[in-house]
Structures are given as C-alpha cells and as structure tokens.
Amino acid sequence: MMLVVSAVTAGAIYFAERSAGLTVAHELERRFQAELDALHNMQEIRQAVLVERCRTLVRKPRLHAALEDGALDLLYPNAEDELRDIMADAQELPAAQTRYALQALFYRFLNRYGAVITPPNMDRVGSLLGEDAARLTLPTVPEQMQFGYLVRQSEPTNNTVSEVIAMPIFSSETGEVIAAIVLGFKPINFGHGDLEIKSGLWLDGKLWLAPLSSSAQMAVSEAVEKALSNSAPERPFEIALDHTPCFLFFKRLNPGSLFPPAYEVCIYPLTELAARQKTLRLQIGGVGLLFLVGGFIASNFVSIHLSRPVEKLEHDSAENLEQRKRVEAVLDLTSEELQRSIRFSADASHQLKTPVTVLRAGLEELLVDEKLKPEVREEISALVYQTVKLTSIIEDLLLLSRVDAGHLQIEFGPVNLVQLIEGWLDDLGALPDPFSLSIETDLPATLMVDGEKRYTSLIVQNLLENARKYNQPKGRIRITARVDNVGRVFLVIGNTGHSIPLVAQGHIFERFHRGVVGENVPGHGLGLNLARELAHLHHGELRLVGSTGGWTEFEVTFLAAKPQTVSGFV
Amino acid sequence: MAPVLVAQSSIEGRVTLPKSMSLPVVNKRYEIVSKAGIVSTNPPLAVVYLEGAFPRAMPAPVAQMCQKDLAFVPMLLAVQAGTKVEFPNQDDTYHNIFSYSTPKRFDLGRYRADERPVPYEVFDVAGLVTLRCDIHEHMRGLILVVDTPYFVVTEADGRFRLNGLPPGRYKVKAWLNSKTTLEQPVDLQTGSVTHVDFQ
C-alpha cells in the first residue's frame with residue numbers, strides 16, 4: 001500500500017512539475033510570436049503608407065522622365081520634394097512622430113538591375129557610407145515589396161541596425177519594373193514587460209545582441225548557426241549561457257525576401273522559470289508529503305478505515321489544484337501582456353487617424369480662401385483627395401487589426417440583405433456614371449441573414465463597389481441571391497470587367513493585392529481581404545467563382561436569420 | 001533659303017515600317033510608346049533625312065508642337081537644329097511641358113491657352129527629345145532634331161518624298177525609333193528623282 005502511495009505521489013510531483021515547466025515555455029513562445037505578429041502588423045501599416053506614397057511617386061512625370069529619359073542626375077533632386085514628408089529630420093522631429101517609425105532615416109533608388117543609384121549629395125537622402133549603401137543592392141530589381149535589415153558598419157556603437165523596405169517602381173507605359181526605392185527606418189523596439197527577455201538580430205551570420213557577454217554571444221551565435229544549418233524548426237530550445245540555463249527562440253523576420261535573411265533572436269534566462277519551478281516543487285512536495293503521511297497512517301488502518309486515505313487523496317488533489325490555479329493566474333497575467341502588444345497596431349492606426357484628420361481640416365480651410373490661384377486650388381484639392389484616401393486605408397486597417405486581435409465581435413441579428421443591395425443601387429443612381437453600366441438583379445423581396453448590419457453592409461458594399469470600379473464602359477453587373485434548404489444564403493455578384501489573370505487569382509484576397517499594375521482604378525487592395533475576414537466572422541465564406549472570358553463572379557455566403565418568434569403578449 | 005537656288009533633285013521611296021503593336025482601329029491616334037527602353041511612335045512612323053554639311057537656315061525656322069485634347073499634336077515632330085519650336089496650349093486646362101532628354105533639357109512651367117508669347121524653346125543639338133507634361137502623366141511627344149534642312153516624316157504606309165535637294169553624294173537616313181536609324185548612300189543628279197527604299 002505504502003509503495004503504491006509513494007509511486008503515485010512521485011508520479012504526480014513529476015508530472016505537475018513537468019507540466020508547469022512546459023506551460024511556462026509555451027507561454028513564452030506564444031508571447032514571442034504575439035510580439036512578432038504585432039511587429040508585422042506595424043510593418044503592414046507602414047507598408048500601406050508607403051504603397052500609397054510610391055503609387056503617387058511612380059506616376060510623377062518628372063521621376064519617370066529622370067528614370068526613363070536618361071536623366072538620372074535629376075532623379076534625387078526631384079524625389080526630394082516628393083519624399084519630404086517621409087524623410088525624418090533628426091533635429092526637428094518631436095519624439096512622438098518617430099514613435100511609430102513612419103519617418104525614414106534614409107532612402108536610395110535602385111536601378112533596373114537592382115544596383116544602388118548613387119545620389120549626387122547626401123544632404124537630403126540620409127547619409128550612408130559607401131559600403132553600407134552598397135549592401136542595399138539586390139540581386140535583381142524586385143517585383144514585390146521586400147523587407148530586410150541593414151547593419152550600418154560605419155557606426156559600430158549606437159543605432160547600428162536599420163530596417164529597410166524596397167518598393168518596386170513600375171513603368172506606367174509597359175508595367176515593367178524600371179527601378180525601386182529603398183527606405184531605411186529605425187527598427188521598432190518592443191518592451192518585453194516584466195520578463196527578462198533579451199532580443200536581438202541575427203544577420204549575415206552575425207549576432208547583434210548587445211547586452212550579452214562576449215562568451216554568451218559566441219554560444220548563442222554557435223547555437224543559431226547550427227540550428228540554421230540543420231534547418232531546424234523555429235522552436236525554442238535550451239542553451240547554457242555563462243552557466244545559466246536559458247531558452248533561445250529565433251524566427252525569420254523577412255521570409256522570402258531578396259534581402260539577406262534576418263532572424264529575431266530572443267534569450268530568456270531560465271532563472272525565473274527555475275525559481276517558479278522551485279516554489280512549485282516545494283508546494284507540490286509539501287502536498288506530496290502530507291499525502292505520504294496520510295498514506296502511511298492510512299495504510300496502518302487500511303483494514304478498518306479504507307475510506308480515509310481516499311478522502312485524504314481527494315483533499316490533497318484539491319490543494320494541488322489550488323496551486324495549479326495560482327500558476328495559471330500568473331500565466332493569465334502574461335497573456336494580458338500579449339494582448340497589449342497585439343493592440344499596439346490598432347493604437348498605431350488610431351494615432352495615424354488624428355494627424356490625417358487635422359491635415360485634411362487644414363487643407364479644407366485653405367480652400368476657403370477666394371483669392372487662391374486656380375493651380376494652387378487644384379493642387380490643394382488633390383491633397384484633400386489624398387487625405388480622404390488615406391483615411392479610408394487607415395479605417396480599413398483599423399478594422400483589420402481589430403479582426404486580427406480577435407476584438408471584433410459580431411452582434412448577430414437579422415439583416416435584410418436585399419435592402420442593403422437596394423440601398424447601394426439607390427446611391428449608385430445618384431453618382432455620375434461614366435461607365436453607363438446596366439444592372440440586372442434576381443433577388444427575392446426580402447432575404448434576412450444573420451449578421452450585424454454595419455459589417456454585413458461592408459461586405460456587400462465592397463463587392464458591389466469592385467463590380468462597378470473594375471467594370472468596362474457599358475458593362476453589366478448581375479446580382480443574384482438565393483437560399484438553400486439548410487439555411488445558407490448565397491449572394492453572387494458578377495461583372496463584365498477584365499478577367500483576373502489566372503496567376504493573380506490565388507492572390508486577390510491577400511492584403512494590398514491590387515489588380516493590374518498601373519491600372520487607373522482607385523483603391524488600396526484591402527477591400528477583398530477585409531470582406532473575406534468579415535464574411536468568416538459571419539460564419540460565411542467569400543470566394544471567387546470564376547473570372548474568364550470577360551466575366552468575373554464572386555460569391556459570398558451567409559447564414560439565413562432564424563425565423564423571429566413573436567414575443568410579447570402571450 | 002539657299003537650297004532653292006540650286007537645281008533641285010528629289011528622293012522618293014518607302015521605308016518598311018515595323019508592324020504596328022496593336023490591332024488597327026479606325027481613327028487611331030498616334031502615340032509614343034517605350035518598350036525595353038526603345039522609344040517609337042505607334043503605329044510606327046519614320047523620319048527620312050539627307051545627311052551632309054548644310055548651312056543652318058537663317059533666320060531660324062519656327063515649328064509648332066501643340067497640346068490639344070491632352071495630347072501632343074503632332075506626336076512626332078522633325079526639325080532642323082536651330083529651330084525655334086513653339087508649344088501652344090489649345091486645351092482649357094494648364095499644361096507644363098518639360099524634357100529631361102540629353103539634347104535638350106527644359107521646363108516651360110505651367111501655362112494656359114492665353115499665355116503670350118507662346119512658350120517656346122530653341123533646339124540647337126541634334127538628337128531625340130522626349131516631351132512630357134508634369135500635370136498629365138500620360139502625355140508623351142517626340143521631337144527629332146536633325147542637322148539638315150532636308151527631312152520629312154513618312155506617311156503611315158512608309159512612303160516619303162524629299163524635294164528640293166542639292167545634287168551631290170550624300171547619305172540618306174531613315175530614323176525608325178530611338179535605337180534604329182538606317183542609312184543608304186545616294187548620288188543625286190541635277191533635276192533627277194532617285195528612288196530609295198529602306199527595308
């Protein structure tokens with residue numbers, strides 16, 4: 001009997017300890033992942049701003065002339081004006097504006113072969129030593145945006161690492177990539193809360209993690225190098241640094257990039273974990289001891305009081321459970337930290353919204369002046385239009401980051417789908433219609449779906465807007481809706497726009513995907529992604545039915561609203 | 001006007017133009033296209049000119065490159081070096097014509113139809129000048145500056161005729177695009193018509 005009790009106790013202690021250790025490790029990993037996700041969200045916001053700036057930039061005839069008519073000496077002087085709002089002026093910028101790292105530290109153009117076009121002077125382009133600038137060179141000019149990191153070897157102490165983004169510049173005539181612009185930013189630093197996580201960068205076979213001793217740096221370098229050469233999975237593993245056991249995490253920051261691979265490397269000393277485990281061991285051990293004593297006493301009276309140790313066992317398990325709960329509470333706290341970092345990108349979108357609104361109000365005030373020259377007025381109107389566009393991107397991003405963070409809860413209720421569509425058709429009637437589109441509908445009188453009106457309406461509007469925008473003159477839009485016998489509602493929207501090329505069809509739901517390059521259609525490539533995310537939250541699906549022979553058709557499904565029971569007077 | 005005083009000869013013939021890059025459309029407008037760094041007109045046109053040591057015309061000739069319906073008219077203009085080219089704006093909106101091409105860099109700034117004198121530039125150096133408008137990104141025009149008073153833009157089918165040429169041995173050249181210029185030697189006899197085809 002005594003042996004059984006001892007074995008059970010030892011087993012319980014072993015598993016409790018092991019489980020607590022694993023949970024802490026798992027939590028750390030999740031936290032690391034959440035911070036990386038927040039970093040990627042931030043990159044997306046920055047990307048949105050840049051995509052918009054670059055789209056405007058590549059249309060500028062002066063930059064085209066400089067790149068295409070052999071006047072490279074005029075490229076940087078012309079770009080200077082265009083990029084003034086993106087380039088940071090270290091002296092003038094208040095800290096708040098650099099907080100979200102939207103201001104660039106330097107920029108360079110790459111030619112059509114991926115080599116850096118040397119600027120005539122460094123005054124306004126951000127100074128970079130020749131060897132540092134040379135490392136911005138890519139094997140070929142990229143057709144898609146590329147992320148990378150540059151360690152500025154000219155400055156061995158502070159601010160050594162810059163995050164770089166390369167954006168392709170397309171010819172408006174041929175759609176070919178004619179150049180690229182590379183912008184350098186201060187990397188975003190993440191606080192790791194109360195945990196002692198040290199994070200750094202692994203780049204070009206070298207570790208950039210300042211606070212470690214040189215022997216620890218070497219050990220980490222060796223471990224990362226070994227893991228990478230073995231193509232080990234990006235999982236945390238244990239490593240001893242200066243006789244302290246640590247967890248090491250690493251993860252590729254720029255998967256698929258043409259820039260050299262960069263990894264975020266995090267070190268977490270296991271001293272804290274060991275301390276937690278020690279406390280846990282004492283607690284579990286204490287309980288175990290009680291259990292053993294109980295077992296011992298029980299075994300003496302086993303023949304008479306068989307039920308007693310069982311009661312004791314129950315009691316001890318309850319205490320054990322209590323300890324576990326306390327550990328879980330600590331873990332909940334760290335989970336809150338995690339949520340905070342996810343919220344980071346949502347906050348950033350908010351922070352972006354206010355300055356844009358202020359900017360727009362200021363511009364509109366300027367327009368009131370009757371003495372404005374017509375060309376100035378034209379320019380200001382164009383700027384106002386840009387701020388409207390930027391606001392809509394930010395709003396979409398804000399919504400998307402709420403969806404990403406799992407904060408968007410749909411308050412389900414019956415929504416009349418047909419009414420939404422008819423509302424849009426009414427609005428369309430009020431707009432100037434250069435396309436003279438004809439619209440066919442095949443809709444029941446009412447069709448109630450389960451959703452929240454503002455979000456259901458966003459899905460429908462996005463699809464109908466696309467059908468209008470990407471249509472051709474005198475084209476056709478067909479809207480049909482039906483409900484099947486298991487209560488699913490299918491809304492199909494077809495249009496006579498240009499077919500989406502087969503290679504692009506797999507990517508249309510990706511963020512910032514846009515149709516054909518140089519296409520003169522307003523939009524920023526978030527609409528379909530947002531619509532799909534919202535459709536998922538509606539327990540539905542959005543898909544491309546087909547796009548061939550000049551007919552493109554999207555289908556979104558909803559759940560039919562449950563029939564309303566008449567409530568009230570019974 | 002020196003050339004008209006000597007006995008004149010002519011060259012006529014045909015330049016085989018490259019195939020048009022798009023299907024023929026009724027009343028298709030000419031446009032300037034750039035493919036793999038080669039600038040040409042579409043549908044294709046050529047400029048045929050007689051190369052030789054000819055004196056510059058005095059006073060400087062004047063030519064016009066209009067902006068009408070948000071396009072350059074003509075799309076391709078050939079001029080002798082030293083020509084003053086005026087850029088009248090015939091649209092209701094502003095234009096801002098500029099060029100960064102090596103033979104002539106200039107920027108006329110923004111101006112409207114009523115701008116007087118009509119904005120102009122003198123083109124002194126032979127070569128190809130790409131014109132753009134800073135306000136209307138799609139607008140593209142070409143000026144081919146040649147060092148001779150004897151030049152002509154071909155018909156859409158490639159036919160051309162150069163009149164009033166001085167007799168002698170010359171090279172006759174056909175400019176097809178920014179990278180291709182064909183040439184043939186000619187020996188012009190007084191009062192004769194020489195036939196030259198460019199394949």
# chains A, B, ... in the order shown; residues from 1 in each chain; ligands from 1
call {"tool": "interface_residues", "arguments": {"of": "chain B", "to": "chain A", "cutoff": "6 Å", "atoms": "only C-alpha atoms", "output": "JSON, numbers by chain"}}
result
{"B": [100, 101, 134, 137]}
call {"tool": "residues_around", "arguments": {"residues": "Ser257 of chain A", "least_positions_apart": "2", "cutoff": "10 Å", "atoms": "only C-alpha atoms", "output": "list in words"}}
result
Pro142, Gln144, Met145, Gln146, Phe147, Gly148, Ala166, Leu253, Asn254, Pro255, Phe259, Pro260, Pro261 and Ala262 of chain A
call {"tool": "write_last_selection", "arguments": {"atoms": "N, CA, C and O atoms", "output": "short mmCIF file (atom, residue, chain, number, x, y, z; two decimals), in the first residue's frame"}}
result
data_model
loop_
_atom_site.label_atom_id
_atom_site.label_comp_id
_atom_site.auth_asym_id
_atom_site.auth_seq_id
_atom_site.Cartn_x
_atom_site.Cartn_y
_atom_site.Cartn_z
N PRO A 142 13.32 44.19 -57.48
CA PRO A 142 12.21 43.35 -57.02
C PRO A 142 10.89 43.72 -57.68
O PRO A 142 10.66 44.88 -58.01
N GLN A 144 8.13 42.80 -56.09
CA GLN A 144 7.26 42.95 -54.93
C GLN A 144 8.04 43.60 -53.81
O GLN A 144 9.27 43.59 -53.82
N MET A 145 7.30 44.13 -52.86
CA MET A 145 7.95 44.78 -51.74
C MET A 145 8.84 43.79 -50.98
O MET A 145 8.49 42.63 -50.82
N GLN A 146 10.02 44.26 -50.55
CA GLN A 146 10.96 43.39 -49.83
C GLN A 146 11.34 44.02 -48.50
O GLN A 146 11.60 45.22 -48.44
N PHE A 147 11.38 43.19 -47.49
CA PHE A 147 11.85 43.66 -46.18
C PHE A 147 13.26 43.14 -45.92
O PHE A 147 13.58 42.02 -46.30
N GLY A 148 14.04 43.96 -45.24
CA GLY A 148 15.37 43.49 -44.88
C GLY A 148 15.92 44.32 -43.74
O GLY A 148 15.24 45.20 -43.21
N ALA A 166 12.14 47.77 -49.63
CA ALA A 166 12.34 48.10 -51.04
C ALA A 166 11.00 48.01 -51.75
O ALA A 166 10.30 47.01 -51.62
N LEU A 253 12.55 37.08 -39.79
CA LEU A 253 11.77 38.32 -39.81
C LEU A 253 11.31 38.66 -41.22
O LEU A 253 10.35 39.40 -41.41
N ASN A 254 12.04 38.19 -42.22
CA ASN A 254 11.70 38.58 -43.60
C ASN A 254 11.64 37.36 -44.51
O ASN A 254 12.43 37.24 -45.43
N PRO A 255 10.69 36.45 -44.24
CA PRO A 255 10.64 35.23 -45.06
C PRO A 255 10.45 35.58 -46.53
O PRO A 255 9.66 36.46 -46.86
N PHE A 259 16.42 40.39 -49.71
CA PHE A 259 17.46 40.85 -48.81
C PHE A 259 17.96 39.64 -48.02
O PHE A 259 17.25 38.64 -47.89
N PRO A 260 19.19 39.73 -47.46
CA PRO A 260 19.70 38.59 -46.69
C PRO A 260 18.73 38.24 -45.56
O PRO A 260 18.08 39.14 -45.00
N PRO A 261 18.63 36.94 -45.24
CA PRO A 261 17.69 36.55 -44.19
C PRO A 261 18.07 37.17 -42.85
O PRO A 261 19.25 37.24 -42.51
N ALA A 262 17.05 37.64 -42.13
CA ALA A 262 17.29 38.23 -40.82
C ALA A 262 16.40 37.48 -39.83
O ALA A 262 15.27 37.13 -40.15
#
call {"tool": "closest_residue", "arguments": {"among": "A:Thr552, A:Leu559, A:Ile477, A:Ile380", "to": "Asn416 of chain A", "atoms": "only C-alpha atoms"}}
result
A:Leu559
call {"tool": "decode", "arguments": {"residues": "segment 53-148 of chain A", "atoms": "C-alpha atoms", "output": "PDB file, in the first residue's frame"}}
result
ATOM      1  CA  ARG A  53       3.271  57.289 -51.449  1.00  0.00           C
ATOM      2  CA  CYS A  54       5.020  55.104 -54.007  1.00  0.00           C
ATOM      3  CA  ARG A  55       1.921  54.828 -56.154  1.00  0.00           C
ATOM      4  CA  THR A  56       1.799  58.598 -56.300  1.00  0.00           C
ATOM      5  CA  LEU A  57       5.537  58.739 -56.774  1.00  0.00           C
ATOM      6  CA  VAL A  58       5.659  56.378 -59.730  1.00  0.00           C
ATOM      7  CA  ARG A  59       3.066  58.439 -61.555  1.00  0.00           C
ATOM      8  CA  LYS A  60       5.130  61.623 -61.254  1.00  0.00           C
ATOM      9  CA  PRO A  61       6.206  62.501 -64.801  1.00  0.00           C
ATOM     10  CA  ARG A  62       9.424  64.110 -63.540  1.00  0.00           C
ATOM     11  CA  LEU A  63      10.598  60.897 -61.863  1.00  0.00           C
ATOM     12  CA  HIS A  64       9.608  58.912 -64.932  1.00  0.00           C
ATOM     13  CA  ALA A  65      11.490  61.327 -67.131  1.00  0.00           C
ATOM     14  CA  ALA A  66      14.555  61.053 -64.885  1.00  0.00           C
ATOM     15  CA  LEU A  67      14.449  57.239 -64.925  1.00  0.00           C
ATOM     16  CA  GLU A  68      13.344  56.657 -68.498  1.00  0.00           C
ATOM     17  CA  ASP A  69      14.845  59.554 -70.452  1.00  0.00           C
ATOM     18  CA  GLY A  70      18.392  59.088 -69.186  1.00  0.00           C
ATOM     19  CA  ALA A  71      18.438  61.944 -66.689  1.00  0.00           C
ATOM     20  CA  LEU A  72      19.463  60.111 -63.537  1.00  0.00           C
ATOM     21  CA  ASP A  73      21.193  63.249 -62.255  1.00  0.00           C
ATOM     22  CA  LEU A  74      17.715  64.762 -61.822  1.00  0.00           C
ATOM     23  CA  LEU A  75      16.259  61.722 -60.034  1.00  0.00           C
ATOM     24  CA  TYR A  76      17.211  62.591 -56.462  1.00  0.00           C
ATOM     25  CA  PRO A  77      16.582  66.355 -56.771  1.00  0.00           C
ATOM     26  CA  ASN A  78      13.049  65.569 -57.985  1.00  0.00           C
ATOM     27  CA  ALA A  79      12.451  62.849 -55.400  1.00  0.00           C
ATOM     28  CA  GLU A  80      13.496  65.192 -52.621  1.00  0.00           C
ATOM     29  CA  ASP A  81      10.252  67.158 -52.880  1.00  0.00           C
ATOM     30  CA  GLU A  82       8.129  64.055 -53.178  1.00  0.00           C
ATOM     31  CA  LEU A  83       9.641  62.337 -50.154  1.00  0.00           C
ATOM     32  CA  ARG A  84       9.914  65.356 -47.903  1.00  0.00           C
ATOM     33  CA  ASP A  85       7.072  64.150 -45.682  1.00  0.00           C
ATOM     34  CA  ILE A  86       8.561  60.678 -45.286  1.00  0.00           C
ATOM     35  CA  MET A  87      12.161  61.631 -44.568  1.00  0.00           C
ATOM     36  CA  ALA A  88      12.883  62.274 -40.912  1.00  0.00           C
ATOM     37  CA  ASP A  89      14.751  65.360 -39.897  1.00  0.00           C
ATOM     38  CA  ALA A  90      16.522  64.223 -36.748  1.00  0.00           C
ATOM     39  CA  GLN A  91      16.681  67.710 -35.251  1.00  0.00           C
ATOM     40  CA  GLU A  92      13.193  68.908 -35.991  1.00  0.00           C
ATOM     41  CA  LEU A  93      11.073  65.858 -35.364  1.00  0.00           C
ATOM     42  CA  PRO A  94       9.429  65.577 -31.997  1.00  0.00           C
ATOM     43  CA  ALA A  95       9.780  62.162 -30.428  1.00  0.00           C
ATOM     44  CA  ALA A  96       6.069  61.445 -30.866  1.00  0.00           C
ATOM     45  CA  GLN A  97       6.375  61.393 -34.613  1.00  0.00           C
ATOM     46  CA  THR A  98       9.200  58.898 -34.608  1.00  0.00           C
ATOM     47  CA  ARG A  99       7.355  56.695 -32.179  1.00  0.00           C
ATOM     48  CA  TYR A 100       5.800  54.528 -34.816  1.00  0.00           C
ATOM     49  CA  ALA A 101       8.841  54.720 -37.025  1.00  0.00           C
ATOM     50  CA  LEU A 102       6.963  56.061 -40.009  1.00  0.00           C
ATOM     51  CA  GLN A 103       9.712  58.526 -40.783  1.00  0.00           C
ATOM     52  CA  ALA A 104      12.569  57.196 -42.877  1.00  0.00           C
ATOM     53  CA  LEU A 105      16.209  57.646 -41.930  1.00  0.00           C
ATOM     54  CA  PHE A 106      17.490  57.303 -45.481  1.00  0.00           C
ATOM     55  CA  TYR A 107      16.400  56.369 -48.984  1.00  0.00           C
ATOM     56  CA  ARG A 108      18.063  55.289 -52.181  1.00  0.00           C
ATOM     57  CA  PHE A 109      16.880  54.290 -55.629  1.00  0.00           C
ATOM     58  CA  LEU A 110      17.858  51.001 -57.214  1.00  0.00           C
ATOM     59  CA  ASN A 111      18.206  50.797 -60.976  1.00  0.00           C
ATOM     60  CA  ARG A 112      16.530  48.166 -63.143  1.00  0.00           C
ATOM     61  CA  TYR A 113      19.325  45.706 -62.280  1.00  0.00           C
ATOM     62  CA  GLY A 114      18.947  46.155 -58.535  1.00  0.00           C
ATOM     63  CA  ALA A 115      22.085  48.292 -58.053  1.00  0.00           C
ATOM     64  CA  VAL A 116      22.026  51.459 -55.956  1.00  0.00           C
ATOM     65  CA  ILE A 117      21.857  54.710 -57.934  1.00  0.00           C
ATOM     66  CA  THR A 118      24.280  56.990 -56.136  1.00  0.00           C
ATOM     67  CA  PRO A 119      22.731  60.283 -55.031  1.00  0.00           C
ATOM     68  CA  PRO A 120      24.578  63.468 -56.018  1.00  0.00           C
ATOM     69  CA  ASN A 121      24.802  64.580 -52.395  1.00  0.00           C
ATOM     70  CA  MET A 122      23.849  63.151 -49.024  1.00  0.00           C
ATOM     71  CA  ASP A 123      22.090  66.209 -47.603  1.00  0.00           C
ATOM     72  CA  ARG A 124      18.514  65.101 -48.005  1.00  0.00           C
ATOM     73  CA  VAL A 125      18.738  61.383 -48.627  1.00  0.00           C
ATOM     74  CA  GLY A 126      20.151  60.325 -45.253  1.00  0.00           C
ATOM     75  CA  SER A 127      23.860  59.695 -45.055  1.00  0.00           C
ATOM     76  CA  LEU A 128      25.155  56.169 -45.577  1.00  0.00           C
ATOM     77  CA  LEU A 129      28.737  55.131 -46.056  1.00  0.00           C
ATOM     78  CA  GLY A 130      29.564  53.684 -49.461  1.00  0.00           C
ATOM     79  CA  GLU A 131      29.918  50.137 -48.163  1.00  0.00           C
ATOM     80  CA  ASP A 132      26.602  50.380 -46.286  1.00  0.00           C
ATOM     81  CA  ALA A 133      24.798  51.779 -49.326  1.00  0.00           C
ATOM     82  CA  ALA A 134      26.315  49.012 -51.463  1.00  0.00           C
ATOM     83  CA  ARG A 135      24.656  46.434 -49.221  1.00  0.00           C
ATOM     84  CA  LEU A 136      21.242  47.745 -50.243  1.00  0.00           C
ATOM     85  CA  THR A 137      21.920  46.291 -53.688  1.00  0.00           C
ATOM     86  CA  LEU A 138      19.606  43.410 -54.581  1.00  0.00           C
ATOM     87  CA  PRO A 139      20.372  40.549 -56.973  1.00  0.00           C
ATOM     88  CA  THR A 140      17.632  41.926 -59.211  1.00  0.00           C
ATOM     89  CA  VAL A 141      15.139  44.744 -59.043  1.00  0.00           C
ATOM     90  CA  PRO A 142      12.207  43.350 -57.019  1.00  0.00           C
ATOM     91  CA  GLU A 143       8.724  42.984 -58.422  1.00  0.00           C
ATOM     92  CA  GLN A 144       7.256  42.949 -54.931  1.00  0.00           C
ATOM     93  CA  MET A 145       7.951  44.781 -51.740  1.00  0.00           C
ATOM     94  CA  GLN A 146      10.964  43.390 -49.834  1.00  0.00           C
ATOM     95  CA  PHE A 147      11.847  43.660 -46.177  1.00  0.00           C
ATOM     96  CA  GLY A 148      15.368  43.494 -44.877  1.00  0.00           C
TER      97      GLY A 148
END
